[in-house]
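Chemist: Once you've had a glance at the structure underneath, I'll fire off some questions.
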Amino acid sequence: MQANNAPLGPWETDREQLLTATADGTGIYAAIDPVLDFKTATIKLISSEVNTANGALTDTVYFVLSEKEIFQKVRSSSERVAPLKRASRSKRLDGHLWFVPRSLAMGFAVDVRNKPAQDVFEVIEGYEAGDQFTVMFDPKSVGQFYIYPNGVSDPSTSEVVDLINPGSLSIGDIVAALDGLYTLIRSPDQMKALPLWRDSSQWYPIQKAEDAIQNEATRALAGRLAPFIDVRSEQPSTIGRTDIELIQTFGLSNGHLIRHALIELKVLRSYGSTGKSVPLKHITRHVSQGVRQAALYAPTARIKMLCCYDMRKTDIGDKSVFEPFEKAAKDRDVFLKRYYLYNSSQALREALDEACIASGATALPG
């Protein structure tokens with residue numbers, strides 16, 4: 001990419017720093033992964049088609065995320081269609097295998113009407129695209145999307161996404177996404193690319209641990225809910241900035257939205273990033289502030305949630321952490337959730353083994 005040598009005005013002295021600056025993760029879908037963008041776009045396109053075509057989709061449709069090399073291979077045996085928006089598209093979506101860019105601005109269509117899925121997979125592999133992110137929608141299977149992140153040649157990582165009514169979004173759906181994130185960040189070894197600890201052996205978190213967790217939580221929620229729900233972070237309100245909001249505009253009239261959930265995030269620390277001890281009264285004030293923010297920042301949200309990531313030396317359990325706040329949170333209709341982050345993989349293994357023993361397993365000697 002050609003360097004931008006245009007004058008930067010008051011920021012001219014910061015040119016070198018700006019050249020290497022990266023996004024800070026604020027805003028909607030910060031630095032969104034291309035395959036997540038593709039997954040979202042294809043599912044929204046199909047969903048719009050189903051909702052506006054009176055059930056006119058009768059055959060399976062396939063989308064393969066492609067680039068120039070694959071387009072060159074399929075060009076001679078397919079038909080180029082642009083754009084794919086239903087109002088001006090010259091070809092039906094269903095009954096076709098589509099090789100498309102992430103934007104869905106155009107696509108190369110291969111007729112696969114009435115072909116079984118396995119035969120279509122062989123067609124995809126014949127174009128040497130079996131390792132490309134693929135989305136399949138079968139209107140006959142109760143409207144389910146079949147997602148192949150590593151391509152149809154590797155079905156072991158596939159998942160099924162139901163064509164759901166976004167209004168059914170529940171606390172359970174949110175917790176499931178956050179639970180998935182927790183398995184990836186609960187020990188330092190799992191977060192080497194984006195560490196949460198400045199010195200895990202001393203229990204010193206990084207200075208902006210809440211920002212780092214917010215970025216990861218935004219991505220985790222978007223990965224699970226983005227086809228129908230916008231996951232927005234750092235949205236201004238009249239009394240502060242929200243951590244994460246789950247907003248629906250899909251399927252609604254222009255200018256309308258449903259605020260499904262507001263999620264406030266707090267990190268509980270034994271020490272600050274410099275090693276200074278954090279008194280219990282500060283933690284109490286921190287959690288109280290989180291309950292208050294969750295209740296007041298978006299009072300019209302269907303779900304209000306405070307999620308605490310506990311980085312303290314001792315895991316005292318959910319009950320002990322939340323007992324002083326339970327009644328106040330219930331009165332304000334705020335759901336409380338906590339995740340304990342371990343300072344080492346060994347500590348995590350010991351905790352998991354203790355859970356096994358508590359469930360009836362025999363303790364190991366030594």
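We label chains A, B, ... in the order they appear in the structure tokens, count residues from 1 in each chain, and number ligands from 1 in the order shown.
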I need the residues in stretch 34-157 of chain A that are strand (DSSP E) according to DSSP; give them as a VMD selection string.
Modeler: chain A and resid 61 to 65 79 to 81 96 to 100 107 to 111 134 to 138 144 to 148
Chemist: Let me see the file: selected residues, N, CA, C and O atoms, as an mmCIF file, in the first residue's frame.
Modeler:
data_model
loop_
_atom_site.group_PDB
_atom_site.id
_atom_site.type_symbol
_atom_site.label_atom_id
_atom_site.label_comp_id
_atom_site.auth_asym_id
_atom_site.auth_seq_id
_atom_site.Cartn_x
_atom_site.Cartn_y
_atom_site.Cartn_z
ATOM 1 N N VAL A 61 -28.816 -23.706 -0.952
ATOM 2 C CA VAL A 61 -27.911 -22.706 -1.493
ATOM 3 C C VAL A 61 -26.586 -22.794 -0.746
ATOM 4 O O VAL A 61 -26.561 -23.080 0.454
ATOM 5 N N TYR A 62 -25.488 -22.565 -1.469
ATOM 6 C CA TYR A 62 -24.144 -22.667 -0.908
ATOM 7 C C TYR A 62 -23.376 -21.385 -1.215
ATOM 8 O O TYR A 62 -23.464 -20.846 -2.326
ATOM 9 N N PHE A 63 -22.613 -20.906 -0.235
ATOM 10 C CA PHE A 63 -21.729 -19.763 -0.437
ATOM 11 C C PHE A 63 -20.311 -20.165 -0.034
ATOM 12 O O PHE A 63 -20.096 -20.659 1.072
ATOM 13 N N VAL A 64 -19.357 -19.922 -0.921
ATOM 14 C CA VAL A 64 -17.953 -20.214 -0.639
ATOM 15 C C VAL A 64 -17.179 -18.897 -0.665
ATOM 16 O O VAL A 64 -17.197 -18.183 -1.686
ATOM 17 N N LEU A 65 -16.540 -18.549 0.439
ATOM 18 C CA LEU A 65 -15.747 -17.330 0.511
ATOM 19 C C LEU A 65 -14.530 -17.476 -0.402
ATOM 20 O O LEU A 65 -13.705 -18.379 -0.214
ATOM 21 N N GLU A 79 -21.760 -18.557 -14.053
ATOM 22 C CA GLU A 79 -22.337 -17.304 -14.530
ATOM 23 C C GLU A 79 -22.097 -16.215 -13.501
ATOM 24 O O GLU A 79 -22.409 -16.386 -12.321
ATOM 25 N N ARG A 80 -21.542 -15.090 -13.960
ATOM 26 C CA ARG A 80 -21.270 -13.976 -13.050
ATOM 27 C C ARG A 80 -22.540 -13.171 -12.834
ATOM 28 O O ARG A 80 -23.215 -12.793 -13.791
ATOM 29 N N VAL A 81 -22.871 -12.934 -11.557
ATOM 30 C CA VAL A 81 -24.087 -12.205 -11.201
ATOM 31 C C VAL A 81 -23.716 -11.071 -10.256
ATOM 32 O O VAL A 81 -23.012 -11.284 -9.275
ATOM 33 N N HIS A 96 -28.156 -22.986 -6.256
ATOM 34 C CA HIS A 96 -26.882 -22.578 -6.830
ATOM 35 C C HIS A 96 -25.763 -22.636 -5.795
ATOM 36 O O HIS A 96 -25.980 -22.464 -4.596
ATOM 37 N N LEU A 97 -24.587 -22.890 -6.312
ATOM 38 C CA LEU A 97 -23.347 -22.814 -5.545
ATOM 39 C C LEU A 97 -22.689 -21.497 -5.920
ATOM 40 O O LEU A 97 -22.362 -21.266 -7.085
ATOM 41 N N TRP A 98 -22.506 -20.634 -4.930
ATOM 42 C CA TRP A 98 -21.997 -19.290 -5.169
ATOM 43 C C TRP A 98 -20.570 -19.148 -4.655
ATOM 44 O O TRP A 98 -20.286 -19.473 -3.498
ATOM 45 N N PHE A 99 -19.690 -18.662 -5.510
ATOM 46 C CA PHE A 99 -18.333 -18.302 -5.112
ATOM 47 C C PHE A 99 -18.312 -16.778 -5.019
ATOM 48 O O PHE A 99 -18.498 -16.084 -6.029
ATOM 49 N N VAL A 100 -18.121 -16.245 -3.803
ATOM 50 C CA VAL A 100 -18.339 -14.826 -3.561
ATOM 51 C C VAL A 100 -17.227 -14.219 -2.712
ATOM 52 O O VAL A 100 -16.562 -14.921 -1.938
ATOM 53 N N GLY A 107 -21.037 -12.445 -7.465
ATOM 54 C CA GLY A 107 -20.780 -13.859 -7.249
ATOM 55 C C GLY A 107 -20.788 -14.629 -8.542
ATOM 56 O O GLY A 107 -21.388 -14.195 -9.532
ATOM 57 N N PHE A 108 -20.085 -15.759 -8.552
ATOM 58 C CA PHE A 108 -20.117 -16.679 -9.678
ATOM 59 C C PHE A 108 -21.019 -17.852 -9.293
ATOM 60 O O PHE A 108 -20.778 -18.526 -8.286
ATOM 61 N N ALA A 109 -22.069 -18.080 -10.076
ATOM 62 C CA ALA A 109 -23.085 -19.075 -9.744
ATOM 63 C C ALA A 109 -22.902 -20.348 -10.559
ATOM 64 O O ALA A 109 -22.767 -20.295 -11.784
ATOM 65 N N VAL A 110 -22.916 -21.475 -9.868
ATOM 66 C CA VAL A 110 -22.880 -22.789 -10.517
ATOM 67 C C VAL A 110 -24.207 -23.479 -10.211
ATOM 68 O O VAL A 110 -24.608 -23.574 -9.041
ATOM 69 N N ASP A 111 -24.886 -23.959 -11.228
ATOM 70 C CA ASP A 111 -26.191 -24.603 -11.049
ATOM 71 C C ASP A 111 -26.008 -25.969 -10.395
ATOM 72 O O ASP A 111 -25.334 -26.850 -10.945
ATOM 73 N N THR A 134 -17.257 -21.930 4.157
ATOM 74 C CA THR A 134 -18.461 -22.219 3.370
ATOM 75 C C THR A 134 -19.706 -22.169 4.248
ATOM 76 O O THR A 134 -19.700 -22.642 5.388
ATOM 77 N N VAL A 135 -20.762 -21.581 3.701
ATOM 78 C CA VAL A 135 -22.064 -21.532 4.368
ATOM 79 C C VAL A 135 -23.082 -22.224 3.474
ATOM 80 O O VAL A 135 -23.160 -21.949 2.273
ATOM 81 N N MET A 136 -23.858 -23.126 4.058
ATOM 82 C CA MET A 136 -24.880 -23.869 3.326
ATOM 83 C C MET A 136 -26.219 -23.653 4.031
ATOM 84 O O MET A 136 -26.301 -23.699 5.259
ATOM 85 N N PHE A 137 -27.259 -23.394 3.248
ATOM 86 C CA PHE A 137 -28.592 -23.236 3.825
ATOM 87 C C PHE A 137 -29.550 -24.195 3.125
ATOM 88 O O PHE A 137 -29.668 -24.197 1.901
ATOM 89 N N ASP A 138 -30.228 -24.984 3.941
ATOM 90 C CA ASP A 138 -31.171 -25.962 3.414
ATOM 91 C C ASP A 138 -32.567 -25.633 3.936
ATOM 92 O O ASP A 138 -32.852 -25.838 5.119
ATOM 93 N N GLN A 144 -32.039 -24.364 8.519
ATOM 94 C CA GLN A 144 -30.780 -24.352 9.257
ATOM 95 C C GLN A 144 -29.613 -23.976 8.345
ATOM 96 O O GLN A 144 -29.565 -24.364 7.178
ATOM 97 N N PHE A 145 -28.675 -23.219 8.914
ATOM 98 C CA PHE A 145 -27.424 -22.895 8.241
ATOM 99 C C PHE A 145 -26.358 -23.869 8.707
ATOM 100 O O PHE A 145 -26.200 -24.101 9.907
ATOM 101 N N TYR A 146 -25.610 -24.410 7.762
ATOM 102 C CA TYR A 146 -24.488 -25.289 8.086
ATOM 103 C C TYR A 146 -23.212 -24.520 7.782
ATOM 104 O O TYR A 146 -22.975 -24.114 6.642
ATOM 105 N N ILE A 147 -22.395 -24.308 8.804
ATOM 106 C CA ILE A 147 -21.208 -23.471 8.696
ATOM 107 C C ILE A 147 -19.968 -24.368 8.708
ATOM 108 O O ILE A 147 -19.792 -25.188 9.609
ATOM 109 N N TYR A 148 -19.095 -24.172 7.717
ATOM 110 C CA TYR A 148 -17.853 -24.944 7.615
ATOM 111 C C TYR A 148 -16.682 -23.965 7.658
ATOM 112 O O TYR A 148 -16.211 -23.496 6.613
#
Chemist: Nearest residue to A:Leu265 out of A:Leu181, A:Val231, A:Ile70, A:Cys307, using only C-alpha atoms?
Modeler: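 Comparing A:Leu181, A:Val231, A:Ile70, A:Cys307 against A:Leu265, the winner is A:Cys307.
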Chemist: Using only C-alpha atoms, which of A:Ser253, A:Gln190, A:Ser77, A:Ser270 sits nearest A:Tyr204?
Modeler: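 Looking at the shortest contact to A:Tyr204, the residue is A:Ser270.
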Chemist: Give me, as a list in words, the residues of stretch 50-159 of chain A that a backbone DSSP run labels alpha helix (DSSP H).
Modeler: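 Written out, the alpha helix (DSSP H) residues of stretch 50-159 of chain A are Val50, Asn51, Thr52, Lys68, Glu69, Ile70, Phe71, Gln72, Lys73, Val74, Ala117, Gln118, Asp119, Val120, Phe121, Glu122, Val123, Ile124, Glu125 and Gly126 of chain A.
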Chemist: Write out, as a compact mmCIF listing (two decimals), in the first residue's frame, the residues just selected, with N, CA and C atoms.
Modeler:
# COMPACT_ATOMS: atom_id res chain seq x y z
N VAL A 50 -35.72 -15.21 2.88
CA VAL A 50 -36.79 -16.02 3.45
C VAL A 50 -37.94 -15.15 3.93
N ASN A 51 -37.59 -14.03 4.55
CA ASN A 51 -38.62 -13.16 5.12
C ASN A 51 -39.40 -12.37 4.08
N THR A 52 -38.86 -12.23 2.87
CA THR A 52 -39.53 -11.42 1.86
C THR A 52 -40.02 -12.21 0.66
N LYS A 68 -9.44 -13.97 -5.79
CA LYS A 68 -9.13 -13.92 -7.22
C LYS A 68 -8.75 -15.27 -7.81
N GLU A 69 -7.93 -16.03 -7.09
CA GLU A 69 -7.45 -17.31 -7.65
C GLU A 69 -8.62 -18.27 -7.91
N ILE A 70 -9.57 -18.33 -6.97
CA ILE A 70 -10.71 -19.24 -7.16
C ILE A 70 -11.65 -18.69 -8.22
N PHE A 71 -11.86 -17.38 -8.26
CA PHE A 71 -12.71 -16.80 -9.30
C PHE A 71 -12.20 -17.16 -10.69
N GLN A 72 -10.88 -17.17 -10.86
CA GLN A 72 -10.31 -17.52 -12.16
C GLN A 72 -10.61 -18.97 -12.52
N LYS A 73 -10.68 -19.85 -11.53
CA LYS A 73 -10.93 -21.27 -11.79
C LYS A 73 -12.39 -21.53 -12.14
N VAL A 74 -13.32 -20.75 -11.55
CA VAL A 74 -14.74 -21.02 -11.76
C VAL A 74 -15.35 -20.18 -12.89
N ALA A 117 -25.97 -32.88 -1.16
CA ALA A 117 -24.88 -32.06 -0.61
C ALA A 117 -23.51 -32.65 -0.91
N GLN A 118 -23.38 -33.98 -0.80
CA GLN A 118 -22.07 -34.59 -1.02
C GLN A 118 -21.57 -34.34 -2.43
N ASP A 119 -22.48 -34.38 -3.40
CA ASP A 119 -22.08 -34.10 -4.78
C ASP A 119 -21.62 -32.65 -4.93
N VAL A 120 -22.30 -31.73 -4.25
CA VAL A 120 -21.91 -30.33 -4.32
C VAL A 120 -20.55 -30.12 -3.66
N PHE A 121 -20.32 -30.83 -2.56
CA PHE A 121 -19.01 -30.73 -1.90
C PHE A 121 -17.90 -31.17 -2.85
N GLU A 122 -18.17 -32.20 -3.64
CA GLU A 122 -17.17 -32.67 -4.60
C GLU A 122 -16.92 -31.63 -5.69
N VAL A 123 -17.98 -30.89 -6.05
CA VAL A 123 -17.81 -29.81 -7.02
C VAL A 123 -16.90 -28.73 -6.43
N ILE A 124 -17.15 -28.38 -5.16
CA ILE A 124 -16.33 -27.37 -4.49
C ILE A 124 -14.87 -27.81 -4.45
N GLU A 125 -14.65 -29.06 -4.09
CA GLU A 125 -13.28 -29.57 -4.02
C GLU A 125 -12.65 -29.64 -5.40
N GLY A 126 -13.49 -29.86 -6.44
CA GLY A 126 -12.97 -29.88 -7.80
C GLY A 126 -12.41 -28.55 -8.23
Chemist: When you draw a straight line from atom CA of A:Ser103 to atom CA of A:Asp230, how long is it in Å?
Modeler: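 Computing the Euclidean distance for atom CA of A:Ser103 and atom CA of A:Asp230 yields 17.1 Å.
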